[in-house]
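Colleague: Below you will find the structure I want to go over with you.
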Amino acid sequence: QTLSNNYDLDPSVSESDGITRLTAGIAVRSTGGAITGSIDYSLGFLSYARHSAQNGLQNALQADVNAELIEDRLQVSSSASISRSAVSAFGVQPGLTGDASGNTVELRALRIAPTLRGPIGTSLRYSLGLGLSLSDASGGSTGDVSGRTVQFRLEPQRGGVLGWSLDASHQMSDFKLGRSSTSSQLSARLGYVLKQLDLELSATGGAERTDLESASGRSTSNWGIGAIWTPSPITRVSADVAHRFFGRSHTIAIDHRTPRTLWQLRSSRSLSSGGAVAVGAQRSAYDLLFA
């Protein structure tokens, strides 16, 4: 039960209301065998005492399922979600309760990604991944987008003090509102491990072509440097900075585990080609326990 003196978070006109929420859910877990993962689904009913036009049902889904179809060769990872998301980052943001708001929609997302990996001769190994994704927002076409991704990696079978890898990727996005876009990237990575310092340094360089900035497309070079410090099995610190076609990007991550908690700190600047703004995302208990 929620009692509010401004139920819609309107900055000009405040209207009070009492909101009753009833929720029922089901959870499924699989931790062994060829199929592992979790599915959490709940159905909620909202009832407004003074604004009955806002009454309705709300779905919530978080599913992550992994299947090993051929041992050490072919794996398929999939995820699905239904959540409340903001239509615009500049409008009123929804609260943690997920109550109805004029700036929110129900966003449904589905992703399926098979990966084929194996050896090439006695010294190399490859990884070929495909990705299919779909996002659909209720009540209109804003945020509706489908995507396809192809990724390929070539690297040594055995790691050492000095490591390397070659990566190639191609991504296509198709928006219901707006034109389609494609991006291709080719990069090489060199890594150096300092065992006595529990430190791994890396440098990348390559080229990419995209038509996100203009319909004709543009080719640019890119580079990046990074470091991973693992002072203990329960603590990990990583940082990287890169120069891309849109400017500088960075990722800084700190993870620390205790027997019953997981502490994480993240800072990142990157490119997102999605639609509606995701808000209020929470990790499932399965993900937290696995981490």
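Each chain of the structure tokens is named A, B, ... in the order shown, its residues numbered from 1; ligands are numbered from 1 in display order.
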When DSSP is applied to the backbone of this structure, which of range 169-271 of chain A are assigned strand (DSSP E)? Write them out as a PyMOL selection string.
Modeller: chain A and resi 169-175+181-194+199-210+218-232+235-244+247-257+262-269
Colleague: Dump as a Markdown table the rows for residues of range 173-258 of chain A within 6 Å of range 150-166 of chain A: closest atom pair and distance in Å with one decimal, only C-alpha atoms counted, ordered by chain and rising residue number.
Modeller:
```
| residue | atom | partner | partner_atom | distance |
| --- | --- | --- | --- | --- |
| A:Ala188 | CA | A:Leu166 | CA | 4.6 |
| A:Arg189 | CA | A:Ser165 | CA | 5.2 |
| A:Leu190 | CA | A:Trp164 | CA | 4.5 |
| A:Gly191 | CA | A:Gly163 | CA | 4.9 |
| A:Tyr192 | CA | A:Leu162 | CA | 4.7 |
| A:Val193 | CA | A:Val161 | CA | 4.9 |
```
Colleague: Output N, CA, C and O atoms for every residue in the selection just made, as an mmCIF file, in the first residue's frame.
Modeller:
```
data_model
loop_
_atom_site.group_PDB
_atom_site.id
_atom_site.type_symbol
_atom_site.label_atom_id
_atom_site.label_comp_id
_atom_site.auth_asym_id
_atom_site.auth_seq_id
_atom_site.Cartn_x
_atom_site.Cartn_y
_atom_site.Cartn_z
ATOM 1 N N ALA A 188 43.130 -5.703 -32.968
ATOM 2 C CA ALA A 188 44.149 -6.633 -32.464
ATOM 3 C C ALA A 188 44.495 -6.229 -31.038
ATOM 4 O O ALA A 188 44.574 -5.039 -30.721
ATOM 5 N N ARG A 189 44.713 -7.230 -30.188
ATOM 6 C CA ARG A 189 45.001 -6.975 -28.775
ATOM 7 C C ARG A 189 46.289 -7.668 -28.365
ATOM 8 O O ARG A 189 46.535 -8.827 -28.715
ATOM 9 N N LEU A 190 47.121 -6.948 -27.611
ATOM 10 C CA LEU A 190 48.332 -7.498 -27.012
ATOM 11 C C LEU A 190 48.221 -7.384 -25.502
ATOM 12 O O LEU A 190 47.794 -6.346 -24.973
ATOM 13 N N GLY A 191 48.571 -8.457 -24.793
ATOM 14 C CA GLY A 191 48.514 -8.459 -23.344
ATOM 15 C C GLY A 191 49.821 -8.903 -22.737
ATOM 16 O O GLY A 191 50.540 -9.745 -23.303
ATOM 17 N N TYR A 192 50.151 -8.342 -21.582
ATOM 18 C CA TYR A 192 51.390 -8.691 -20.879
ATOM 19 C C TYR A 192 51.065 -8.889 -19.405
ATOM 20 O O TYR A 192 50.444 -8.020 -18.771
ATOM 21 N N VAL A 193 51.468 -10.019 -18.848
ATOM 22 C CA VAL A 193 51.139 -10.384 -17.472
ATOM 23 C C VAL A 193 52.358 -10.195 -16.584
ATOM 24 O O VAL A 193 53.448 -10.724 -16.880
#
```
Colleague: How many Å lie between CA of Leu74 in chain A and CA of Ser173 in chain A, rounded to one decimal?
Modeller: 25.1 Å
Colleague: Quick check, in Å to one decimal: how far apart do CA of Asn5 in chain A and CA of Gly18 in chain A lie?
Modeller: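 One can read the CA of Asn5 in chain A to CA of Gly18 in chain A distance as 8.9 Å.
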Colleague: CA of Arg29 in chain A and CA of Ala63 in chain A are how many Å apart?
Modeller: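 Pair CA of Arg29 in chain A / CA of Ala63 in chain A returns 9.9 Å.
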Colleague: Extract, using only C-alpha atoms, all DNA, RNA and protein residues at most 7 Å from Ala67 in chain A, discarding same-chain residues fewer than 2 positions from it, and format them as JSON, numbers by chain.
Modeller: {"A": [34, 35, 36, 65, 69, 75, 76, 77]}
